[in-house]
$ cat input.cif   # mmCIF, C-alpha atoms
data_upload
#
loop_
_atom_site.group_PDB
_atom_site.id
_atom_site.type_symbol
_atom_site.label_atom_id
_atom_site.label_comp_id
_atom_site.auth_asym_id
_atom_site.auth_seq_id
_atom_site.Cartn_x
_atom_site.Cartn_y
_atom_site.Cartn_z
ATOM 1 C CA MET A 1 12.306 -28.813 -64.399
ATOM 2 C CA ARG A 2 11.013 -27.615 -61.032
ATOM 3 C CA GLN A 3 7.269 -27.193 -60.918
ATOM 4 C CA LEU A 4 5.921 -24.108 -59.200
ATOM 5 C CA ARG A 5 2.919 -24.735 -56.929
ATOM 6 C CA GLN A 6 0.302 -22.046 -56.843
ATOM 7 C CA THR A 7 -0.593 -20.848 -53.355
ATOM 8 C CA THR A 8 -4.281 -21.228 -52.652
ATOM 9 C CA SER A 9 -6.391 -18.403 -51.233
ATOM 10 C CA ALA A 10 -6.960 -20.441 -48.065
ATOM 11 C CA GLU A 11 -3.214 -20.745 -47.468
ATOM 12 C CA GLN A 12 -2.805 -17.038 -48.020
ATOM 13 C CA ALA A 13 -5.542 -16.301 -45.489
ATOM 14 C CA LEU A 14 -3.971 -18.336 -42.667
ATOM 15 C CA PRO A 15 -1.137 -15.903 -41.810
ATOM 16 C CA ILE A 16 -3.545 -12.991 -42.025
ATOM 17 C CA ALA A 17 -6.007 -14.674 -39.677
ATOM 18 C CA ALA A 18 -3.226 -15.511 -37.217
ATOM 19 C CA SER A 19 -2.041 -11.904 -37.256
ATOM 20 C CA LEU A 20 -5.567 -10.599 -36.670
ATOM 21 C CA LEU A 21 -6.041 -13.019 -33.774
ATOM 22 C CA ALA A 22 -2.765 -11.906 -32.191
ATOM 23 C CA LEU A 23 -3.791 -8.277 -32.587
ATOM 24 C CA ALA A 24 -7.169 -8.971 -30.991
ATOM 25 C CA VAL A 25 -5.622 -10.741 -27.995
ATOM 26 C CA GLY A 26 -3.066 -7.975 -27.657
ATOM 27 C CA ALA A 27 -5.800 -5.349 -27.737
ATOM 28 C CA ILE A 28 -7.715 -7.093 -24.957
ATOM 29 C CA CYS A 29 -4.583 -7.366 -22.830
ATOM 30 C CA TRP A 30 -3.746 -3.730 -23.476
ATOM 31 C CA ALA A 31 -7.261 -2.546 -22.710
ATOM 32 C CA HIS A 32 -7.347 -4.219 -19.295
ATOM 33 C CA ASP A 33 -3.617 -4.491 -18.553
ATOM 34 C CA GLY A 34 -4.079 -8.230 -18.988
ATOM 35 C CA GLN A 35 -5.502 -8.475 -15.475
ATOM 36 C CA LEU A 36 -8.987 -9.552 -16.446
ATOM 37 C CA LEU A 37 -7.363 -12.496 -18.235
ATOM 38 C CA GLY A 38 -5.529 -13.560 -15.078
ATOM 39 C CA ILE A 39 -2.206 -11.929 -15.923
ATOM 40 C CA PRO A 40 -0.711 -10.413 -12.737
ATOM 41 C CA ARG A 41 0.578 -6.857 -12.722
ATOM 42 C CA THR A 42 2.904 -5.249 -10.173
ATOM 43 C CA TYR A 43 2.725 -1.560 -9.255
ATOM 44 C CA ARG A 44 5.627 0.195 -7.507
ATOM 45 C CA THR A 45 6.553 3.583 -6.069
ATOM 46 C CA ALA A 46 10.025 5.008 -5.538
ATOM 47 C CA HIS A 47 11.135 6.884 -2.438
ATOM 48 C CA GLY A 48 8.955 9.953 -1.963
ATOM 49 C CA GLU A 49 6.591 8.937 -4.789
ATOM 50 C CA GLN A 50 2.859 8.297 -4.531
ATOM 51 C CA ARG A 51 0.747 6.527 -7.146
ATOM 52 C CA VAL A 52 -2.974 6.025 -7.721
ATOM 53 C CA GLU A 53 -4.288 3.260 -10.007
ATOM 54 C CA ARG A 54 -7.874 2.463 -11.027
ATOM 55 C CA LEU A 55 -8.054 -1.337 -11.250
ATOM 56 C CA PRO A 56 -10.065 -3.106 -13.982
ATOM 57 C CA ASP A 57 -12.972 -3.870 -11.623
ATOM 58 C CA GLY A 58 -13.221 -0.188 -10.633
ATOM 59 C CA SER A 59 -11.465 -0.515 -7.264
ATOM 60 C CA LEU A 60 -8.813 2.068 -6.412
ATOM 61 C CA LEU A 61 -5.243 1.306 -5.343
ATOM 62 C CA ARG A 62 -3.160 4.110 -3.817
ATOM 63 C CA LEU A 63 0.492 3.338 -3.063
ATOM 64 C CA VAL A 64 2.576 5.644 -0.885
ATOM 65 C CA THR A 65 6.353 5.941 -0.805
ATOM 66 C CA ASP A 66 8.601 2.852 -1.200
ATOM 67 C CA SER A 67 5.698 0.457 -1.792
ATOM 68 C CA ALA A 68 4.829 -2.393 -4.151
ATOM 69 C CA ALA A 69 1.694 -4.435 -4.802
ATOM 70 C CA THR A 70 0.858 -7.234 -7.243
ATOM 71 C CA VAL A 71 -2.732 -7.461 -8.504
ATOM 72 C CA ARG A 72 -4.119 -10.739 -9.818
ATOM 73 C CA TYR A 73 -7.676 -11.547 -10.983
ATOM 74 C CA SER A 74 -9.414 -14.900 -11.369
ATOM 75 C CA GLY A 75 -12.977 -16.205 -11.624
ATOM 76 C CA ARG A 76 -12.966 -16.793 -7.867
ATOM 77 C CA GLU A 77 -11.359 -13.701 -6.397
ATOM 78 C CA ARG A 78 -9.501 -10.418 -6.836
ATOM 79 C CA LEU A 79 -6.164 -10.631 -5.040
ATOM 80 C CA VAL A 80 -3.861 -7.750 -4.109
ATOM 81 C CA GLU A 81 -0.556 -8.848 -2.600
ATOM 82 C CA ILE A 82 1.308 -6.126 -0.719
ATOM 83 C CA LYS A 83 4.993 -6.813 -1.349
ATOM 84 C CA GLY A 84 6.135 -3.983 0.895
ATOM 85 C CA GLY A 85 5.238 -0.536 2.124
ATOM 86 C CA GLN A 86 1.737 0.887 2.458
ATOM 87 C CA ALA A 87 -1.396 0.864 0.307
ATOM 88 C CA LEU A 88 -4.844 2.411 0.602
ATOM 89 C CA LEU A 89 -7.636 0.489 -1.123
ATOM 90 C CA GLU A 90 -11.155 1.541 -2.080
ATOM 91 C CA VAL A 91 -12.982 -1.668 -2.942
ATOM 92 C CA VAL A 92 -15.881 -1.973 -5.380
ATOM 93 C CA HIS A 93 -18.245 -4.750 -4.292
ATOM 94 C CA GLU A 94 -18.787 -7.782 -6.533
ATOM 95 C CA SER A 95 -21.202 -10.546 -5.587
ATOM 96 C CA GLN A 96 -19.303 -13.295 -7.452
ATOM 97 C CA ARG A 97 -15.700 -12.500 -6.517
ATOM 98 C CA ARG A 98 -14.282 -11.635 -3.124
ATOM 99 C CA PHE A 99 -11.569 -9.017 -2.723
ATOM 100 C CA ARG A 100 -8.590 -10.372 -0.771
ATOM 101 C CA VAL A 101 -5.465 -8.513 0.332
ATOM 102 C CA ALA A 102 -2.395 -10.502 1.400
ATOM 103 C CA ALA A 103 0.657 -9.086 3.180
ATOM 104 C CA GLY A 104 3.139 -11.706 4.302
ATOM 105 C CA GLN A 105 1.408 -14.011 6.815
ATOM 106 C CA ALA A 106 -1.543 -11.647 7.212
ATOM 107 C CA ALA A 107 -4.559 -11.129 4.963
ATOM 108 C CA ALA A 108 -7.994 -9.535 4.846
ATOM 109 C CA ILE A 109 -11.281 -9.926 2.979
ATOM 110 C CA ALA A 110 -13.116 -6.696 2.084
ATOM 111 C CA VAL A 111 -16.523 -5.886 0.599
ATOM 112 C CA GLY A 112 -17.207 -2.347 -0.599
ATOM 113 C CA THR A 113 -14.892 -0.611 1.851
ATOM 114 C CA GLN A 114 -11.889 1.684 2.195
ATOM 115 C CA PHE A 115 -8.930 0.519 4.240
ATOM 116 C CA ASP A 116 -5.176 0.866 4.609
ATOM 117 C CA VAL A 117 -2.556 -1.907 4.752
ATOM 118 C CA TYR A 118 0.898 -1.077 6.102
ATOM 119 C CA ARG A 119 3.435 -3.909 5.832
ATOM 120 C CA LYS A 120 6.383 -3.312 8.158
ATOM 121 C CA LEU A 121 9.447 -5.474 8.771
ATOM 122 C CA ASP A 122 7.890 -7.552 11.571
ATOM 123 C CA SER A 123 4.181 -6.719 11.447
ATOM 124 C CA VAL A 124 1.210 -5.697 9.305
ATOM 125 C CA GLU A 125 -1.344 -3.028 10.262
ATOM 126 C CA PHE A 126 -4.883 -2.934 8.858
ATOM 127 C CA THR A 127 -6.755 0.343 9.351
ATOM 128 C CA VAL A 128 -10.356 0.752 8.182
ATOM 129 C CA ALA A 129 -11.619 4.161 7.028
ATOM 130 C CA GLN A 130 -15.032 2.952 5.786
ATOM 131 C CA GLY A 131 -16.922 -0.329 5.999
ATOM 132 C CA THR A 132 -15.687 -3.580 7.554
ATOM 133 C CA ILE A 133 -12.962 -6.129 6.767
ATOM 134 C CA ALA A 134 -12.282 -9.652 8.035
ATOM 135 C CA VAL A 135 -8.632 -10.090 9.067
ATOM 136 C CA PHE A 136 -6.812 -13.367 9.612
ATOM 137 C CA SER A 137 -3.207 -14.392 10.139
ATOM 138 C CA ARG A 138 -3.082 -17.767 8.400
ATOM 139 C CA LYS A 139 -4.688 -19.129 5.249
ATOM 140 C CA PRO A 140 -7.996 -20.728 6.320
ATOM 141 C CA SER A 141 -9.797 -23.559 4.540
ATOM 142 C CA TRP A 142 -12.617 -21.392 3.203
ATOM 143 C CA LEU A 143 -10.281 -19.679 0.750
ATOM 144 C CA ASN A 144 -10.508 -22.833 -1.367
ATOM 145 C CA ASP A 145 -14.216 -22.401 -2.086
ATOM 146 C CA ARG A 146 -16.776 -19.699 -2.848
ATOM 147 C CA ARG A 147 -18.843 -19.893 0.321
ATOM 148 C CA GLY A 148 -17.432 -16.836 2.041
ATOM 149 C CA VAL A 149 -16.005 -16.288 5.505
ATOM 150 C CA ARG A 150 -16.809 -19.218 7.790
ATOM 151 C CA ASP A 151 -13.818 -19.467 10.131
ATOM 152 C CA LYS A 152 -13.520 -17.202 13.155
ATOM 153 C CA VAL A 153 -11.649 -14.063 12.149
ATOM 154 C CA LEU A 154 -11.148 -10.548 13.463
ATOM 155 C CA ARG A 155 -13.769 -8.061 12.299
ATOM 156 C CA VAL A 156 -12.335 -4.563 11.906
ATOM 157 C CA THR A 157 -14.718 -1.714 11.206
ATOM 158 C CA SER A 158 -14.537 2.010 10.395
ATOM 159 C CA GLY A 159 -12.153 3.947 12.653
ATOM 160 C CA GLU A 160 -10.430 0.784 13.933
ATOM 161 C CA GLN A 161 -7.002 -0.758 13.475
ATOM 162 C CA VAL A 162 -5.591 -4.223 14.085
ATOM 163 C CA ARG A 163 -1.972 -5.348 14.038
ATOM 164 C CA ILE A 164 -0.732 -8.769 12.949
ATOM 165 C CA ASP A 165 2.626 -9.337 14.611
ATOM 166 C CA SER A 166 4.824 -12.311 13.606
ATOM 167 C CA GLY A 167 1.835 -14.277 12.328
ATOM 168 C CA SER A 168 -0.450 -13.703 15.340
ATOM 169 C CA ALA A 169 -3.183 -11.081 15.614
ATOM 170 C CA SER A 170 -3.619 -8.642 18.475
ATOM 171 C CA PRO A 171 -6.476 -9.573 20.877
ATOM 172 C CA GLU A 172 -8.958 -7.102 19.367
ATOM 173 C CA PRO A 173 -9.104 -4.025 17.104
ATOM 174 C CA VAL A 174 -8.464 -0.628 18.672
ATOM 175 C CA ALA A 175 -9.975 2.768 17.857
ATOM 176 C CA VAL A 176 -7.556 5.135 16.092
ATOM 177 C CA ASN A 177 -7.370 8.667 14.767
ATOM 178 C CA LEU A 178 -7.605 8.119 11.000
ATOM 179 C CA ASP A 179 -5.684 11.317 10.209
ATOM 180 C CA GLN A 180 -2.728 9.971 12.175
ATOM 181 C CA ALA A 181 -3.060 6.291 11.281
ATOM 182 C CA VAL A 182 -3.674 6.715 7.537
ATOM 183 C CA PRO A 183 -1.734 9.719 6.221
ATOM 184 C CA SER A 184 -2.190 8.405 2.669
ATOM 185 C CA ILE A 185 -5.852 9.477 2.799
ATOM 186 C CA GLN A 186 -5.022 13.196 2.877
ATOM 187 C CA HIS A 187 -1.262 13.125 2.159
ATOM 188 C CA LYS A 188 -0.755 14.482 5.666
ATOM 189 C CA ILE A 189 1.383 13.535 8.631
ATOM 190 C CA VAL A 190 -0.584 14.242 11.792
ATOM 191 C CA PHE A 191 0.890 13.601 15.235
ATOM 192 C CA GLU A 192 -0.385 14.281 18.731
ATOM 193 C CA HIS A 193 1.957 13.711 21.676
ATOM 194 C CA ARG A 194 4.050 11.273 19.662
ATOM 195 C CA PRO A 195 7.810 10.762 20.192
ATOM 196 C CA LEU A 196 9.904 13.048 18.002
ATOM 197 C CA GLY A 197 11.983 10.106 16.742
ATOM 198 C CA GLU A 198 8.860 8.356 15.507
ATOM 199 C CA VAL A 199 7.643 11.495 13.718
ATOM 200 C CA ALA A 200 11.050 11.998 12.076
ATOM 201 C CA ALA A 201 10.993 8.395 10.842
ATOM 202 C CA GLU A 202 7.598 9.029 9.217
ATOM 203 C CA PHE A 203 8.930 12.103 7.396
ATOM 204 C CA ASN A 204 11.960 10.114 6.278
ATOM 205 C CA ARG A 205 9.633 7.802 4.345
ATOM 206 C CA TYR A 206 8.859 10.698 1.996
ATOM 207 C CA GLY A 207 11.746 13.193 2.086
ATOM 208 C CA SER A 208 14.916 13.015 -0.005
ATOM 209 C CA LEU A 209 17.093 14.362 2.841
ATOM 210 C CA PRO A 210 16.783 12.207 5.991
ATOM 211 C CA VAL A 211 16.282 13.721 9.440
ATOM 212 C CA LYS A 212 18.686 12.124 11.944
ATOM 213 C CA ILE A 213 18.198 12.364 15.719
ATOM 214 C CA ASP A 214 20.857 10.602 17.767
ATOM 215 C CA ASP A 215 20.033 12.046 21.184
ATOM 216 C CA GLU A 216 17.731 9.617 23.011
ATOM 217 C CA GLU A 217 16.094 12.341 25.120
ATOM 218 C CA LEU A 218 15.120 14.201 21.959
ATOM 219 C CA ARG A 219 13.858 11.029 20.293
ATOM 220 C CA VAL A 220 11.322 10.409 23.069
ATOM 221 C CA LEU A 221 10.250 14.072 23.319
ATOM 222 C CA PRO A 222 6.443 14.182 22.756
ATOM 223 C CA VAL A 223 5.369 16.625 20.013
ATOM 224 C CA SER A 224 2.143 17.535 18.180
ATOM 225 C CA GLY A 225 1.471 19.006 14.745
ATOM 226 C CA MET A 226 0.149 18.492 11.196
ATOM 227 C CA PHE A 227 2.210 18.765 7.999
ATOM 228 C CA ASP A 228 2.117 17.838 4.346
ATOM 229 C CA ALA A 229 3.918 14.504 3.969
ATOM 230 C CA ALA A 230 6.191 15.882 1.231
ATOM 231 C CA ASP A 231 6.989 19.176 2.995
ATOM 232 C CA THR A 232 10.132 18.365 4.949
ATOM 233 C CA GLU A 233 11.081 22.044 5.109
ATOM 234 C CA SER A 234 8.063 22.908 7.257
ATOM 235 C CA PHE A 235 9.009 20.085 9.618
ATOM 236 C CA VAL A 236 12.573 21.437 9.831
ATOM 237 C CA ALA A 237 11.190 24.899 10.664
ATOM 238 C CA PHE A 238 9.095 23.249 13.391
ATOM 239 C CA LEU A 239 12.201 21.568 14.812
ATOM 240 C CA GLN A 240 14.090 24.860 14.858
ATOM 241 C CA ARG A 241 11.365 26.387 17.035
ATOM 242 C CA LEU A 242 11.680 23.690 19.694
ATOM 243 C CA PRO A 243 13.453 25.000 22.824
ATOM 244 C CA GLY A 244 16.980 23.707 23.333
ATOM 245 C CA VAL A 245 17.144 22.140 19.848
ATOM 246 C CA LYS A 246 19.796 22.734 17.192
ATOM 247 C CA VAL A 247 19.322 21.808 13.513
ATOM 248 C CA GLU A 248 22.306 21.374 11.191
ATOM 249 C CA ARG A 249 21.988 20.686 7.466
ATOM 250 C CA THR A 250 24.601 18.907 5.348
ATOM 251 C CA SER A 251 24.500 17.638 1.779
ATOM 252 C CA THR A 252 23.411 14.181 2.964
ATOM 253 C CA LEU A 253 21.209 14.687 6.038
ATOM 254 C CA ILE A 254 19.510 16.995 8.531
ATOM 255 C CA ARG A 255 20.995 16.457 11.985
ATOM 256 C CA VAL A 256 18.990 17.371 15.099
ATOM 257 C CA THR A 257 20.845 17.768 18.392
ATOM 258 C CA ARG A 258 20.389 19.363 21.787
ATOM 259 C CA ILE A 259 21.979 22.694 22.539
ATOM 260 C CA LYS A 260 24.547 22.094 25.256
ATOM 261 C CA THR A 261 24.327 24.525 28.133
ATOM 262 C CA THR A 262 27.263 25.513 30.277
ATOM 263 C CA THR A 263 26.943 25.933 34.027
#
$ encode --input "input.cif" --output "structure tokens"
Amino acid sequence: MRQLRQTTSAEQALPIAASLLALAVGAICWAHDGQLLGIPRTYRTAHGEQRVERLPDGSLLRLVTDSAATVRYSGRERLVEIKGGQALLEVVHESQRRFRVAAGQAAAIAVGTQFDVYRKLDSVEFTVAQGTIAVFSRKPSWLNDRRGVRDKVLRVTSGEQVRIDSGSASPEPVAVNLDQAVPSIQHKIVFEHRPLGEVAAEFNRYGSLPVKIDDEELRVLPVSGMFDAADTESFVAFLQRLPGVKVERTSTLIRVTRIKTTT
């Protein structure tokens, strides 16, 4: 005859304790998106979308259209890796952990500042709205310890921009118009004597219907104005007011051409 063994209270408690532990760990991960435990998280935006995230340390991450960033925390540093596109960061200072932003071969260290990172196909632009950042183009030795910035790097301060091109930095930061350089601050596109082709490309980052300008003379035409980044219609109305310009709309694009004159 088979003997039935009575389950002890301790054995009964083990599955319950394991379940409670799993719930507790899950609650911590949920409360902080797992980031404070070192679990990376990636944020993305679709075409025309903008997204604002408050990170666990209180810093703010704003992604503009077609952008992605992975955030990872450790006991040594807070790391934001820009996978593509453009991000505006407002950094909360911590004395024990540096705040590092990496974008391809370029990176920056920030302390209590606001700055923009724009990762393009062949370059990365850092633009500082407030405070100061240290920019470098290759991983220096001091990233392996806690002693701060010791190697010679580029210091970029409020109202300045520096460009890292193919792994090498420009000679020195340059002063910029923040409204033009960082449209993500006010969701505006501001241009002053900029080529029309360049302005159209900026609008195409946000609009669902692309603006296409094939004529080279029109593409280099200098124009000035200020528009909401998502308001393509106001930009089209602006184009229609330009002398000698014709705007045609199809289901797939907005084509801008010159009006041909007969002699």
$ resolve_selection --input "input.cif" --expression "the PyMOL selection byres ((chain A and resi 231) around 10)" --output "MDAnalysis selection string"
chainID A and resid 188:189 203 206:207 227:230 232:236
$ write_last_selection --input "input.cif" --atoms "C-alpha atoms" --output "mmCIF file, keeping the file's coordinate frame"
data_model
loop_
_atom_site.group_PDB
_atom_site.id
_atom_site.type_symbol
_atom_site.label_atom_id
_atom_site.label_comp_id
_atom_site.auth_asym_id
_atom_site.auth_seq_id
_atom_site.Cartn_x
_atom_site.Cartn_y
_atom_site.Cartn_z
ATOM 1 C CA LYS A 188 -0.755 14.482 5.666
ATOM 2 C CA ILE A 189 1.383 13.535 8.631
ATOM 3 C CA PHE A 203 8.930 12.103 7.396
ATOM 4 C CA TYR A 206 8.859 10.698 1.996
ATOM 5 C CA GLY A 207 11.746 13.193 2.086
ATOM 6 C CA PHE A 227 2.210 18.765 7.999
ATOM 7 C CA ASP A 228 2.117 17.838 4.346
ATOM 8 C CA ALA A 229 3.918 14.504 3.969
ATOM 9 C CA ALA A 230 6.191 15.882 1.231
ATOM 10 C CA THR A 232 10.132 18.365 4.949
ATOM 11 C CA GLU A 233 11.081 22.044 5.109
ATOM 12 C CA SER A 234 8.063 22.908 7.257
ATOM 13 C CA PHE A 235 9.009 20.085 9.618
ATOM 14 C CA VAL A 236 12.573 21.437 9.831
#
$ atom_distance --input "input.cif" --atom1 "atom CA of A:Arg41" --atom2 "atom CA of A:Asp66"
17.1 Å
$ resolve_selection --input "input.cif" --expression "the PyMOL selection byres ((chain A and resi 78-90) around 8)" --output "ChimeraX atom specification"
/A:59-74,76-77,91-92,97-104,112-120,184-185
$ atom_distance --input "input.cif" --atom1 "atom CA of A:Thr132" --atom2 "atom CA of A:Gln50"
25.1 Å
$ residues_around --input "input.cif" --residues "A:Lys260" --least-positions-apart "4" --cutoff "12 Å" --atoms "all atoms listed in the file" --output "PyMOL selection string"
chain A and resi 215+243-246
$ residues_around --input "input.cif" --residues "A:His193" --least-positions-apart "6" --cutoff "9 Å" --atoms "all atoms listed in the file" --output "list in words"
Leu221, Pro222, Val223, Ser224 and Gly225 of chain A
$ residues_around --input "input.cif" --residues "A:Val128" --least-positions-apart "6" --cutoff "6 Å" --atoms "only C-alpha atoms" --output "PDB file with C-alpha atoms, keeping the file's coordinate frame"
ATOM      1  CA  PHE A 115      -8.930   0.519   4.240  1.00  0.00           C
ATOM      2  CA  THR A 157     -14.718  -1.714  11.206  1.00  0.00           C
ATOM      3  CA  SER A 158     -14.537   2.010  10.395  1.00  0.00           C
ATOM      4  CA  GLY A 159     -12.153   3.947  12.653  1.00  0.00           C
ATOM      5  CA  GLU A 160     -10.430   0.784  13.933  1.00  0.00           C
TER       6      GLU A 160
END
$ atom_distance --input "input.cif" --atom1 "atom CA of A:Val182" --atom2 "atom CA of A:Ala201"
15.1 Å
$ resolve_selection --input "input.cif" --expression "the PyMOL selection byres ((chain A and resi 220) around 9)" --output "NGL selection string"
:A and (194-198 or 216-219 or 221-222)
$ closest_residue --input "input.cif" --among "A:Leu178, A:His47, A:Thr257, A:Leu55" --to "A:Lys212" --atoms "only C-alpha atoms"
A:Thr257
$ closest_residue --input "input.cif" --among "A:Ala181, A:Met226, A:Leu121, A:Ile254" --to "A:Asn204" --atoms "all atoms listed in the file"
A:Ile254
